[in-house]
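Structure data follow from query_10.cif (mmCIF, C-alpha atoms):
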data_my_file
loop_
_atom_site.group_PDB
_atom_site.id
_atom_site.type_symbol
_atom_site.label_atom_id
_atom_site.label_comp_id
_atom_site.auth_asym_id
_atom_site.auth_seq_id
_atom_site.Cartn_x
_atom_site.Cartn_y
_atom_site.Cartn_z
ATOM 1 C CA MET H 29 -31.901 -20.512 -17.056
ATOM 2 C CA THR H 30 -29.420 -21.717 -14.479
ATOM 3 C CA THR H 31 -26.714 -19.675 -12.882
ATOM 4 C CA SER H 32 -23.375 -20.952 -11.743
ATOM 5 C CA ASN H 33 -21.980 -20.237 -8.309
ATOM 6 C CA LYS H 34 -18.499 -21.061 -9.547
ATOM 7 C CA MET H 35 -15.829 -18.469 -9.079
ATOM 8 C CA PRO H 36 -14.441 -17.142 -12.394
ATOM 9 C CA LYS H 37 -11.265 -18.913 -13.401
ATOM 10 C CA ARG H 38 -8.191 -16.947 -12.385
ATOM 11 C CA THR H 39 -4.793 -17.212 -13.988
ATOM 12 C CA ALA H 40 -1.318 -15.997 -13.228
ATOM 13 C CA GLN H 41 -1.205 -14.083 -16.527
ATOM 14 C CA GLU H 42 -3.504 -11.251 -15.505
ATOM 15 C CA VAL H 43 -3.081 -7.791 -14.071
ATOM 16 C CA TYR H 44 -4.865 -6.732 -10.909
ATOM 17 C CA GLN H 45 -5.857 -3.121 -10.473
ATOM 18 C CA LEU H 46 -5.716 -2.385 -6.754
ATOM 19 C CA LYS H 47 -6.942 0.579 -4.767
ATOM 20 C CA ILE H 48 -4.936 1.022 -1.568
ATOM 21 C CA THR H 49 -6.561 3.322 0.981
ATOM 22 C CA LEU H 50 -5.049 4.394 4.287
ATOM 23 C CA LYS H 51 -7.868 3.656 6.713
ATOM 24 C CA GLY H 52 -9.039 6.536 8.889
ATOM 25 C CA SER H 53 -7.312 9.245 6.852
ATOM 26 C CA LYS H 54 -9.415 12.362 6.335
ATOM 27 C CA PRO H 55 -9.298 13.541 3.649
ATOM 28 C CA PRO H 56 -8.551 10.108 2.181
ATOM 29 C CA ILE H 57 -5.011 9.095 1.258
ATOM 30 C CA TRP H 58 -5.039 6.448 -1.454
ATOM 31 C CA ARG H 59 -3.238 4.961 -4.465
ATOM 32 C CA ARG H 60 -4.406 3.046 -7.522
ATOM 33 C CA VAL H 61 -1.836 0.602 -8.890
ATOM 34 C CA GLN H 62 -1.678 -2.248 -11.368
ATOM 35 C CA VAL H 63 0.366 -5.349 -10.581
ATOM 36 C CA ARG H 64 0.853 -8.714 -12.207
ATOM 37 C CA SER H 65 -1.449 -11.176 -10.522
ATOM 38 C CA GLU H 66 1.343 -13.693 -9.899
ATOM 39 C CA ILE H 67 3.374 -11.456 -7.570
ATOM 40 C CA THR H 68 3.905 -12.660 -4.044
ATOM 41 C CA LEU H 69 2.620 -10.803 -1.020
ATOM 42 C CA ALA H 70 6.284 -10.021 -0.225
ATOM 43 C CA GLN H 71 6.506 -8.227 -3.569
ATOM 44 C CA LEU H 72 3.149 -6.552 -2.956
ATOM 45 C CA HIS H 73 4.552 -5.282 0.348
ATOM 46 C CA ASP H 74 7.291 -3.517 -1.641
ATOM 47 C CA VAL H 75 4.714 -2.138 -4.083
ATOM 48 C CA ILE H 76 2.619 -0.694 -1.258
ATOM 49 C CA GLN H 77 5.671 0.757 0.494
ATOM 50 C CA ILE H 78 6.766 2.557 -2.680
ATOM 51 C CA ALA H 79 3.273 3.609 -3.799
ATOM 52 C CA MET H 80 2.310 5.023 -0.423
ATOM 53 C CA GLY H 81 5.715 6.541 0.322
ATOM 54 C CA TRP H 82 6.683 4.549 3.416
ATOM 55 C CA THR H 83 10.329 3.726 4.200
ATOM 56 C CA ASP H 84 10.001 0.028 5.153
ATOM 57 C CA SER H 85 11.320 0.760 8.633
ATOM 58 C CA HIS H 86 8.761 -1.266 10.604
ATOM 59 C CA LEU H 87 7.053 -4.648 10.761
ATOM 60 C CA HIS H 88 4.078 -5.379 8.542
ATOM 61 C CA GLN H 89 1.535 -8.067 7.807
ATOM 62 C CA PHE H 90 -1.332 -8.863 5.465
ATOM 63 C CA THR H 91 -4.668 -10.304 6.580
ATOM 64 C CA VAL H 92 -6.409 -12.091 3.726
ATOM 65 C CA HIS H 93 -9.645 -13.975 4.393
ATOM 66 C CA GLY H 94 -8.757 -14.191 8.090
ATOM 67 C CA GLN H 95 -5.224 -15.515 7.532
ATOM 68 C CA ALA H 96 -2.122 -13.519 8.463
ATOM 69 C CA PHE H 97 0.841 -13.342 6.067
ATOM 70 C CA GLY H 98 4.217 -11.735 6.659
ATOM 71 C CA ARG H 99 7.876 -12.501 7.191
ATOM 72 C CA PRO H 100 8.089 -15.715 9.222
ATOM 73 C CA ASP H 101 11.540 -14.731 10.487
ATOM 74 C CA ASP H 102 9.981 -11.786 12.360
ATOM 75 C CA GLU H 103 9.880 -13.551 15.734
ATOM 76 C CA ASP H 104 7.061 -11.364 17.056
ATOM 77 C CA LEU H 105 4.641 -12.530 14.339
ATOM 78 C CA ASP H 106 2.833 -15.812 13.823
ATOM 79 C CA VAL H 107 2.210 -15.623 10.084
ATOM 80 C CA HIS H 108 2.192 -17.614 6.869
ATOM 81 C CA ASP H 109 5.206 -16.927 4.631
ATOM 82 C CA GLU H 110 4.406 -13.981 2.357
ATOM 83 C CA ASN H 111 7.162 -15.131 -0.034
ATOM 84 C CA LYS H 112 5.131 -18.238 -0.846
ATOM 85 C CA ALA H 113 1.733 -16.532 -1.139
ATOM 86 C CA ARG H 114 0.794 -15.505 -4.691
ATOM 87 C CA LEU H 115 -1.792 -12.757 -5.048
ATOM 88 C CA TRP H 116 -3.877 -14.501 -7.723
ATOM 89 C CA ARG H 117 -4.230 -17.618 -5.565
ATOM 90 C CA LEU H 118 -5.642 -15.613 -2.639
ATOM 91 C CA VAL H 119 -7.950 -12.960 -4.070
ATOM 92 C CA GLY H 120 -10.039 -12.114 -7.108
ATOM 93 C CA LEU H 121 -12.204 -9.328 -8.450
ATOM 94 C CA ARG H 122 -13.807 -7.127 -5.747
ATOM 95 C CA ASP H 123 -12.037 -8.957 -2.916
ATOM 96 C CA SER H 124 -10.492 -6.782 -0.246
ATOM 97 C CA PHE H 125 -7.852 -7.433 2.377
ATOM 98 C CA LEU H 126 -5.835 -5.608 5.001
ATOM 99 C CA TYR H 127 -2.213 -4.495 4.942
ATOM 100 C CA GLU H 128 -0.878 -3.293 8.305
ATOM 101 C CA TYR H 129 2.358 -1.361 8.638
ATOM 102 C CA ASP H 130 4.138 -0.193 11.793
ATOM 103 C CA PHE H 131 2.244 -1.858 14.613
ATOM 104 C CA GLY H 132 3.055 1.050 16.935
ATOM 105 C CA ASP H 133 1.539 3.727 14.693
ATOM 106 C CA ASP H 134 -0.937 1.137 13.352
ATOM 107 C CA TRP H 135 -1.181 2.243 9.733
ATOM 108 C CA GLN H 136 -3.942 0.076 8.270
ATOM 109 C CA HIS H 137 -4.512 -0.030 4.524
ATOM 110 C CA GLN H 138 -7.556 -1.485 2.828
ATOM 111 C CA VAL H 139 -6.592 -3.087 -0.475
ATOM 112 C CA VAL H 140 -9.405 -3.712 -2.971
ATOM 113 C CA VAL H 141 -9.120 -5.618 -6.253
ATOM 114 C CA GLU H 142 -10.993 -3.175 -8.504
ATOM 115 C CA LYS H 143 -10.331 -4.835 -11.864
ATOM 116 C CA VAL H 144 -8.784 -7.954 -13.339
ATOM 117 C CA LEU H 145 -7.314 -7.172 -16.749
ATOM 118 C CA PRO H 146 -5.217 -8.876 -19.383
ATOM 119 C CA ALA H 147 -1.595 -7.773 -19.279
ATOM 120 C CA GLU H 148 -0.852 -5.242 -22.001
ATOM 121 C CA LYS H 149 1.885 -6.293 -24.384
ATOM 122 C CA GLY H 150 5.084 -4.426 -23.587
ATOM 123 C CA ALA H 151 3.698 -2.876 -20.398
ATOM 124 C CA VAL H 152 5.884 -2.830 -17.309
ATOM 125 C CA TYR H 153 4.301 -3.612 -13.967
ATOM 126 C CA PRO H 154 3.852 -2.504 -11.243
ATOM 127 C CA LEU H 155 2.338 0.750 -12.444
ATOM 128 C CA CYS H 156 0.872 3.574 -10.388
ATOM 129 C CA LEU H 157 -2.122 5.109 -12.157
ATOM 130 C CA THR H 158 -3.156 7.791 -9.691
ATOM 131 C CA GLY H 159 -3.611 8.639 -6.049
ATOM 132 C CA LYS H 160 -4.417 11.401 -3.612
ATOM 133 C CA ARG H 161 -2.457 13.193 -0.916
ATOM 134 C CA ALA H 162 1.020 12.714 0.487
ATOM 135 C CA CYS H 163 2.086 9.856 2.700
ATOM 136 C CA PRO H 164 2.297 10.796 6.385
ATOM 137 C CA PRO H 165 5.797 10.979 7.850
ATOM 138 C CA GLU H 166 7.099 7.851 9.540
ATOM 139 C CA ASP H 167 6.689 7.705 13.333
ATOM 140 C CA VAL H 168 4.204 10.577 13.469
ATOM 141 C CA GLY H 169 1.852 8.622 15.732
ATOM 142 C CA GLY H 170 -0.647 7.032 13.391
ATOM 143 C CA VAL H 171 -3.744 8.678 11.939
ATOM 144 C CA TRP H 172 -4.390 10.632 15.141
ATOM 145 C CA GLY H 173 -0.812 11.851 15.452
ATOM 146 C CA TYR H 174 -0.829 12.819 11.786
ATOM 147 C CA GLY H 175 -3.849 15.054 12.391
ATOM 148 C CA ASP H 176 -1.985 16.788 15.228
ATOM 149 C CA PHE H 177 1.115 17.097 13.037
ATOM 150 C CA LEU H 178 -0.876 18.762 10.237
ATOM 151 C CA GLU H 179 -2.394 21.245 12.676
ATOM 152 C CA ALA H 180 1.059 22.123 14.016
ATOM 153 C CA ILE H 181 2.746 22.674 10.644
ATOM 154 C CA LYS H 182 -0.022 24.843 9.198
ATOM 155 C CA ASP H 183 -0.348 27.152 12.228
ATOM 156 C CA PRO H 184 2.743 29.302 12.927
ATOM 157 C CA MET H 185 1.264 30.107 16.347
ATOM 158 C CA HIS H 186 0.983 26.428 17.329
ATOM 159 C CA PRO H 187 3.408 25.647 20.207
ATOM 160 C CA ASP H 188 4.871 22.686 18.251
ATOM 161 C CA HIS H 189 5.034 24.447 14.869
ATOM 162 C CA GLN H 190 8.804 24.938 14.608
ATOM 163 C CA GLU H 191 9.609 21.609 16.252
ATOM 164 C CA MET H 192 7.468 19.744 13.706
ATOM 165 C CA LEU H 193 8.983 21.660 10.779
ATOM 166 C CA ASP H 194 12.471 20.856 12.051
ATOM 167 C CA TRP H 195 11.521 17.213 12.590
ATOM 168 C CA ILE H 196 10.147 16.706 9.078
ATOM 169 C CA ASP H 197 13.352 18.324 7.756
ATOM 170 C CA GLU H 198 11.859 19.130 4.351
ATOM 171 C CA ASP H 199 9.054 20.984 2.667
ATOM 172 C CA PHE H 200 6.015 18.853 3.330
ATOM 173 C CA ASP H 201 2.779 19.449 1.459
ATOM 174 C CA PRO H 202 0.055 17.012 2.576
ATOM 175 C CA ALA H 203 -1.942 17.615 -0.622
ATOM 176 C CA VAL H 204 0.815 16.621 -3.060
ATOM 177 C CA PHE H 205 1.094 13.216 -4.687
ATOM 178 C CA ASP H 206 2.837 12.507 -7.993
ATOM 179 C CA PRO H 207 2.362 9.061 -9.565
ATOM 180 C CA ALA H 208 5.310 9.746 -11.894
ATOM 181 C CA ASP H 209 7.657 9.728 -8.873
ATOM 182 C CA VAL H 210 6.227 6.376 -7.786
ATOM 183 C CA ASN H 211 6.642 4.926 -11.276
ATOM 184 C CA LEU H 212 10.293 6.016 -11.358
ATOM 185 C CA ARG H 213 10.867 4.091 -8.135
ATOM 186 C CA PHE H 214 8.963 1.114 -9.557
ATOM 187 C CA GLN H 215 11.238 1.141 -12.629
ATOM 188 C CA ARG H 216 14.313 0.809 -10.417
ATOM 189 C CA LEU H 217 12.837 -2.401 -9.027
ATOM 190 C CA SER H 218 11.226 -3.681 -12.239
ATOM 191 C CA ARG H 219 13.581 -6.658 -12.623
ATOM 192 C CA TRP H 220 12.608 -7.861 -9.157
ATOM 193 C CA PHE H 221 8.977 -7.940 -10.256
ATOM 194 C CA GLU H 222 9.531 -9.908 -13.474
#
Same coordinates, now as structure tokens:
Amino acid sequence: MTTSNKMPKRTAQEVYQLKITLKGSKPPIWRRVQVRSEITLAQLHDVIQIAMGWTDSHLHQFTVHGQAFGRPDDEDLDVHDENKARLWRLVGLRDSFLYEYDFGDDWQHQVVVEKVLPAEKGAVYPLCLTGKRACPPEDVGGVWGYGDFLEAIKDPMHPDHQEMLDWIDEDFDPAVFDPADVNLRFQRLSRWFE
């Protein structure tokens, strides 16, 4: 019996199930989403922003097989155009790549292609299946700053407790994540993803 080293044929008519994990977060912060395989990395950027809960207020880039992709008009970055990079042409089943957001706070996300599935008739993509834990607040200082922030908000005796509560300006529960909220936001952008 012979085995083939050929990569399975990929098409633009499939759905990729992705697990997006915020690197260094303890306990882990992650999302599981399904996207059409033909989306661009620019569209995937929007998916990750919505799924994770970021506000798209900072620069970002993808690193796929050692190549950087982003917005070429961002003068600080030397990247391939993410608007021209289709997901299915870059990665397949079990591939992983990096998505970096906010180079100051250095939020790094590992993105893994968990499954390649046929698109379900009538299904709307992107779709958030599940996830764990809330997105950190913007500009909190990365994974390390987020740890300090969590300590401050849970301890009323912490010297920064009230300042952090005032800064977040809302009830913040680090354990809460609701995929239904993400899917509502996806629905508002669904035409852009078609």
Which residues, named as in the file, does the PyMOL selection byres ((chain H and resi 175) around 12) pick out? Answer as a ChimeraX atom specification. /H:52-55,164-165,168-174,176-182,202
Give me the box for segment 120-129 of chain H as AutoDock Vina command-line options, namely the centre and edge lengths in Å to one decimal of a box along x, y and z that holds every listed atom plus 6 Å on each side.
--center_x -5.7 --center_y -6.7 --center_z 0.1 --size_x 28.2 --size_y 22.8 --size_z 29.1
Target residues per the PyMOL selection byres ((chain H and resi 153) around 7), formatted as a ChimeraX atom specification: /H:62-64,151-152,154-155
Please return as a PyMOL selection string every residue within 9 Å of (2.2, 6.9, 0.9), taking into account all atoms listed in the file and the file's own coordinates. chain H and resi 50+57-59+76-82+161-165+205
Output for the residues just chosen: C-alpha atoms as a JSON list (two decimals), keeping the file's coordinate frame:
[["chain", "number", "residue", "atom", "x", "y", "z"],
["H", 50, "LEU", "CA", -5.05, 4.39, 4.29],
["H", 57, "ILE", "CA", -5.01, 9.10, 1.26],
["H", 58, "TRP", "CA", -5.04, 6.45, -1.45],
["H", 59, "ARG", "CA", -3.24, 4.96, -4.46],
["H", 76, "ILE", "CA", 2.62, -0.69, -1.26],
["H", 77, "GLN", "CA", 5.67, 0.76, 0.49],
["H", 78, "ILE", "CA", 6.77, 2.56, -2.68],
["H", 79, "ALA", "CA", 3.27, 3.61, -3.80],
["H", 80, "MET", "CA", 2.31, 5.02, -0.42],
["H", 81, "GLY", "CA", 5.72, 6.54, 0.32],
["H", 82, "TRP", "CA", 6.68, 4.55, 3.42],
["H", 161, "ARG", "CA", -2.46, 13.19, -0.92],
["H", 162, "ALA", "CA", 1.02, 12.71, 0.49],
["H", 163, "CYS", "CA", 2.09, 9.86, 2.70],
["H", 164, "PRO", "CA", 2.30, 10.80, 6.38],
["H", 165, "PRO", "CA", 5.80, 10.98, 7.85],
["H", 205, "PHE", "CA", 1.09, 13.22, -4.69]]
For this file, the PyMOL selection byres ((chain H and resi 44) around 6) selects which residues, as a ChimeraX atom specification? /H:43,45,62-63,65,143-144
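Taking atom CA of Glu142 of chain H and atom CA of Thr49 of chain H as the two end points, the separation is 12.3 Å.
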Measuring atom to atom with all atoms listed in the file, identify which of H:Glu110, H:Asp167, H:Asp133, H:Glu42 is nearest to Ala147 of chain H.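 Ranking H:Glu110, H:Asp167, H:Asp133, H:Glu42 by distance to Ala147 of chain H, first place goes to H:Glu42.
A straight line drawn from atom CA of Leu121 of chain H to atom CA of Val139 of chain H is 11.6 Å long.
Closest approach to Val92 of chain H from the set H:Leu118, H:Leu193, H:Leu145, H:Val61 is made by H:Leu118, with distances taken over all atoms listed in the file.
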Rounded to one decimal in Å, what is the spacing between atom CA of Leu212 of chain H and atom CA of Lys47 of chain H?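 Pair atom CA of Leu212 of chain H / atom CA of Lys47 of chain H returns 19.2 Å.
Compared by their closest atoms to Asp74 of chain H, and using only C-alpha atoms, the residues H:Asn111, H:Gln138, H:Thr158, H:Ser124 rank with H:Asn111 nearest.
Residue nearest Ile196 of chain H within the list H:Asp209, H:Asp123, H:Asp183, H:Glu166: H:Glu166 [criterion: smallest interatomic distance, only C-alpha atoms].
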